[in-house]
Amino acid sequence: MYNPKSSLATEFIDHGEILESLEEAQRECSNRERVQQILEKAALCKGLTHREAAILMDCNIPDLEEQVYSLAAKIKDRFYGNRIVLFAPLYLSNYCVNGCVYCPYHAKNRTIPRRKLSQKEIEAEVRALIRTGHKRLAIEAGEDPVHNPLEYILDSIRTIYSVNEGGNTIRRVNVNIAATDVESYRKLHEAGIGTYILFQETYNKENYEKLHPTGPKSNYCWHTEAMDRAQEGGCDDVGIGVLFGLSGYRYELVGMLMHAEHLEARFGVGPHTISVPRICPADDISTEDFPDSLPDSIFRKLVAVLRVSVPYTGGPLYGHDHLHP
């Protein structure tokens with residue numbers, strides 16, 4: 001049963017509620033009056049429910065679709081003006097024990113060389129990034145308790161913050177690593193991280209389990225409830241997202257907004273960032289295996305609907321076209 005305040009993934013991301021939302025959207029998407037009401041609510045910049053967002057996503061009335069794009073631009077301008085926040089990804093290690101079928105880092109891929117940066121190498125990378133003008137980094141690492149233990153991540157964060165290149169330093173280190181326990185999140189918080197980022201990949205539990213057949217990440221509930229543990233560990237600045245193309249985009253949109261609603265209902269704060277990567281070709285991976293991959297037209301509308309639905313989502317409500325490890 002759907003319960004946004006529940007701590008259980010199968011209750012705050014309820015499959016039945018998503019299906020009902022999508023059915024309602026199909027019924028109401030051509031109802032001009034209903035869509036106009038939703039747009040008027042969105043213009044107040046207080047957000048939309050997952051059901052309202054689903055209706056906007058399905059609406060194909062040309063002038064109302066244009067209103068969605070126009071309103072999204074106005075909301076972005078109101079909150080952030082003509083400003084774009086950039087951060088550089090810094091991949092620490094591609095060792096990984098998971099079997100995610102869409103990712104070239106998966107454990108079964110024997111064609112890629114495995115690397116793990118030493119602290120000296122990390123320092124050199126950070127100096128180079130600072131020289132190019134970067135102030136914010138997002139560190140990434142595959143899940144491997146032997147090669148990439150939490151202590152390695154913490155040491156890497158300390159190294160990054162310690163680098164001073166010509167009087168310039170990294171101001172913010174965002175962290176994108178696998179789901180972990182409350183105590184580990186507490187240590188990350190104490191290390192001074194910025195945003196903790198974890199992509200759900202897909203909110204469809206059945207598809208999730210097919211796409212993640214082996215490794216710690218195969219546990220849907222452990223992964224989906226990670227943001228709750230992060231909040232309990234003091235990381236109240238979190239970023240969510242899915243990898244579009246793994247399941248139907250309409251399902252994922254609703255699930256992602258339900259996750260945001262859950263965080264607000266349980267902790268009083270929604271996600272800082274929402275990410276919208278798309279499945280693309282990569283080593284050992286073909287997009288032909290993913291029939292739900294997204295065309296540009298749908299991607300554009302998806303980003304606009306997200307902007308009007310969660311106007312508070314700060315900094316990078318962003319998309320990028322690569323496979324996420």
# chains A, B, ... in the order shown; residues from 1 in each chain; ligands from 1

$ residues_around --residues "Gly234 (chain A)" --least-positions-apart "4" --cutoff "10 Å" --atoms "only C-alpha atoms" --output "number ranges by chain"
A: 182-183, 185-190, 229-230

$ write_last_selection --atoms "N, CA, C and O atoms" --output "mmCIF file, in the first residue's frame"
data_model
loop_
_atom_site.group_PDB
_atom_site.id
_atom_site.type_symbol
_atom_site.label_atom_id
_atom_site.label_comp_id
_atom_site.auth_asym_id
_atom_site.auth_seq_id
_atom_site.Cartn_x
_atom_site.Cartn_y
_atom_site.Cartn_z
ATOM 1 N N VAL A 182 24.263 3.401 7.721
ATOM 2 C CA VAL A 182 24.129 4.704 8.378
ATOM 3 C C VAL A 182 25.472 5.204 8.900
ATOM 4 O O VAL A 182 25.819 6.382 8.745
ATOM 5 N N GLU A 183 26.245 4.319 9.525
ATOM 6 C CA GLU A 183 27.521 4.732 10.091
ATOM 7 C C GLU A 183 28.476 5.231 9.006
ATOM 8 O O GLU A 183 29.209 6.216 9.200
ATOM 9 N N TYR A 185 27.557 6.604 6.154
ATOM 10 C CA TYR A 185 27.063 7.922 5.746
ATOM 11 C C TYR A 185 27.459 8.989 6.770
ATOM 12 O O TYR A 185 27.774 10.123 6.409
ATOM 13 N N ARG A 186 27.471 8.609 8.034
ATOM 14 C CA ARG A 186 27.880 9.563 9.068
ATOM 15 C C ARG A 186 29.336 9.976 8.858
ATOM 16 O O ARG A 186 29.696 11.159 9.002
ATOM 17 N N LYS A 187 30.180 9.009 8.509
ATOM 18 C CA LYS A 187 31.587 9.311 8.260
ATOM 19 C C LYS A 187 31.758 10.199 7.029
ATOM 20 O O LYS A 187 32.609 11.098 7.012
ATOM 21 N N LEU A 188 30.955 9.960 5.999
ATOM 22 C CA LEU A 188 31.008 10.815 4.812
ATOM 23 C C LEU A 188 30.592 12.239 5.154
ATOM 24 O O LEU A 188 31.208 13.209 4.695
ATOM 25 N N HIS A 189 29.555 12.358 5.968
ATOM 26 C CA HIS A 189 29.098 13.683 6.402
ATOM 27 C C HIS A 189 30.195 14.401 7.183
ATOM 28 O O HIS A 189 30.473 15.588 6.951
ATOM 29 N N GLU A 190 30.841 13.688 8.087
ATOM 30 C CA GLU A 190 31.909 14.282 8.896
ATOM 31 C C GLU A 190 33.114 14.666 8.041
ATOM 32 O O GLU A 190 33.871 15.574 8.403
ATOM 33 N N ARG A 229 18.849 6.173 4.824
ATOM 34 C CA ARG A 229 20.007 5.942 5.702
ATOM 35 C C ARG A 229 20.979 7.115 5.629
ATOM 36 O O ARG A 229 21.588 7.494 6.640
ATOM 37 N N ALA A 230 21.121 7.695 4.437
ATOM 38 C CA ALA A 230 21.995 8.868 4.297
ATOM 39 C C ALA A 230 21.486 10.013 5.172
ATOM 40 O O ALA A 230 22.263 10.679 5.878
#

$ residues_around --residues "region 34-50 of chain A" --least-positions-apart "3" --cutoff "8 Å" --atoms "only C-alpha atoms" --output "ChimeraX atom specification"
/A:21,28-31,53-56,59,64,67-68,71,75,253-255,257-258,261,308-312

$ residues_around --residues "Phe87 (chain A)" --least-positions-apart "6" --cutoff "7 Å" --atoms "only C-alpha atoms" --output "PyMOL selection string"
chain A and resi 134+136-138

$ write_last_selection --atoms "C-alpha atoms" --output "compact mmCIF listing (two decimals), in the first residue's frame"
# COMPACT_ATOMS: atom_id res chain seq x y z
CA HIS A 134 37.03 23.77 -11.47
CA ARG A 136 33.50 21.43 -7.48
CA LEU A 137 34.09 17.74 -8.07
CA ALA A 138 31.93 14.62 -8.07

$ closest_residue --among "A:Tyr251, A:Leu306, A:His106, A:Gly233" --to "Ala25 (chain A)" --atoms "only C-alpha atoms"
A:Tyr251

$ residues_around --residues "Ile197 (chain A)" --least-positions-apart "2" --cutoff "7 Å" --atoms "only C-alpha atoms" --output "NGL selection string"
:A and (175-176 or 195 or 199 or 238-240)

$ select_by_dssp --residues "region 153-220 of chain A" --states "helix (DSSP H, G or I)" --output "ChimeraX atom specification"
/A:153-162,182-190,205-211,216-218,220

$ write_last_selection --atoms "C-alpha atoms" --output "mmCIF file, in the first residue's frame"
data_model
loop_
_atom_site.group_PDB
_atom_site.id
_atom_site.type_symbol
_atom_site.label_atom_id
_atom_site.label_comp_id
_atom_site.auth_asym_id
_atom_site.auth_seq_id
_atom_site.Cartn_x
_atom_site.Cartn_y
_atom_site.Cartn_z
ATOM 1 C CA ILE A 153 36.922 7.049 -0.296
ATOM 2 C CA LEU A 154 37.448 9.037 2.908
ATOM 3 C CA ASP A 155 41.212 9.263 2.286
ATOM 4 C CA SER A 156 40.468 10.477 -1.252
ATOM 5 C CA ILE A 157 38.132 13.196 0.040
ATOM 6 C CA ARG A 158 40.796 14.365 2.498
ATOM 7 C CA THR A 159 43.377 14.434 -0.291
ATOM 8 C CA ILE A 160 41.113 16.456 -2.575
ATOM 9 C CA TYR A 161 40.318 19.080 0.053
ATOM 10 C CA SER A 162 44.005 19.367 1.006
ATOM 11 C CA VAL A 182 24.129 4.704 8.378
ATOM 12 C CA GLU A 183 27.521 4.732 10.091
ATOM 13 C CA SER A 184 29.320 5.034 6.750
ATOM 14 C CA TYR A 185 27.063 7.922 5.746
ATOM 15 C CA ARG A 186 27.880 9.563 9.068
ATOM 16 C CA LYS A 187 31.587 9.311 8.260
ATOM 17 C CA LEU A 188 31.008 10.815 4.812
ATOM 18 C CA HIS A 189 29.098 13.683 6.402
ATOM 19 C CA GLU A 190 31.909 14.282 8.896
ATOM 20 C CA LYS A 205 11.382 -3.489 -9.039
ATOM 21 C CA GLU A 206 10.911 -6.363 -11.474
ATOM 22 C CA ASN A 207 13.131 -4.734 -14.093
ATOM 23 C CA TYR A 208 15.627 -3.649 -11.438
ATOM 24 C CA GLU A 209 16.162 -7.226 -10.317
ATOM 25 C CA LYS A 210 16.608 -8.445 -13.907
ATOM 26 C CA LEU A 211 19.113 -5.694 -14.649
ATOM 27 C CA PRO A 216 25.261 -6.087 -3.458
ATOM 28 C CA LYS A 217 23.388 -3.753 -5.794
ATOM 29 C CA SER A 218 20.975 -6.567 -6.693
ATOM 30 C CA TYR A 220 16.339 -3.443 -4.614
#

$ residues_around --residues "Val146 (chain A)" --least-positions-apart "5" --cutoff "10 Å" --atoms "only C-alpha atoms" --output "compact mmCIF listing (two decimals) with C-alpha atoms, in the first residue's frame"
# COMPACT_ATOMS: atom_id res chain seq x y z
CA TYR A 95 36.82 -2.03 -9.87
CA CYS A 96 33.30 -3.36 -9.29
CA VAL A 97 31.73 -6.58 -8.02
CA TYR A 152 39.78 4.69 0.57

$ closest_residue --among "A:Lys135, A:His272, A:Arg110, A:Arg278" --to "Asp292 (chain A)" --atoms "only C-alpha atoms"
A:Arg278

$ atom_distance --atom1 "CA of Val242 (chain A)" --atom2 "CA of Asn204 (chain A)"
10.5 Å

$ residues_around --residues "Ala124 (chain A)" --least-positions-apart "5" --cutoff "12 Å" --atoms "only C-alpha atoms" --output "list of chain:residue names"
A:Leu90, A:Leu117, A:Ser118, A:Gln119, A:Leu129, A:Ile130, A:Arg131, A:Thr159, A:Ile160, A:Ser162, A:Val163, A:Asn164, A:Glu165

$ write_last_selection --atoms "C-alpha atoms" --output "PDB file, in the first residue's frame"
ATOM      1  CA  LEU A  90      36.643  12.328 -10.950  1.00  0.00           C
ATOM      2  CA  LEU A 117      44.029   5.876  -8.450  1.00  0.00           C
ATOM      3  CA  SER A 118      46.594   6.257  -5.693  1.00  0.00           C
ATOM      4  CA  GLN A 119      46.358   9.288  -3.431  1.00  0.00           C
ATOM      5  CA  LEU A 129      41.267  20.243 -12.591  1.00  0.00           C
ATOM      6  CA  ILE A 130      41.885  23.316 -10.438  1.00  0.00           C
ATOM      7  CA  ARG A 131      44.127  24.755 -13.140  1.00  0.00           C
ATOM      8  CA  THR A 159      43.377  14.434  -0.291  1.00  0.00           C
ATOM      9  CA  ILE A 160      41.113  16.456  -2.575  1.00  0.00           C
ATOM     10  CA  SER A 162      44.005  19.367   1.006  1.00  0.00           C
ATOM     11  CA  VAL A 163      45.199  20.370  -2.463  1.00  0.00           C
ATOM     12  CA  ASN A 164      46.117  24.021  -2.928  1.00  0.00           C
ATOM     13  CA  GLU A 165      47.087  24.945  -6.464  1.00  0.00           C
TER      14      GLU A 165
END

$ atom_distance --atom1 "CA of Lys116 (chain A)" --atom2 "CA of Ile177 (chain A)"
14.3 Å
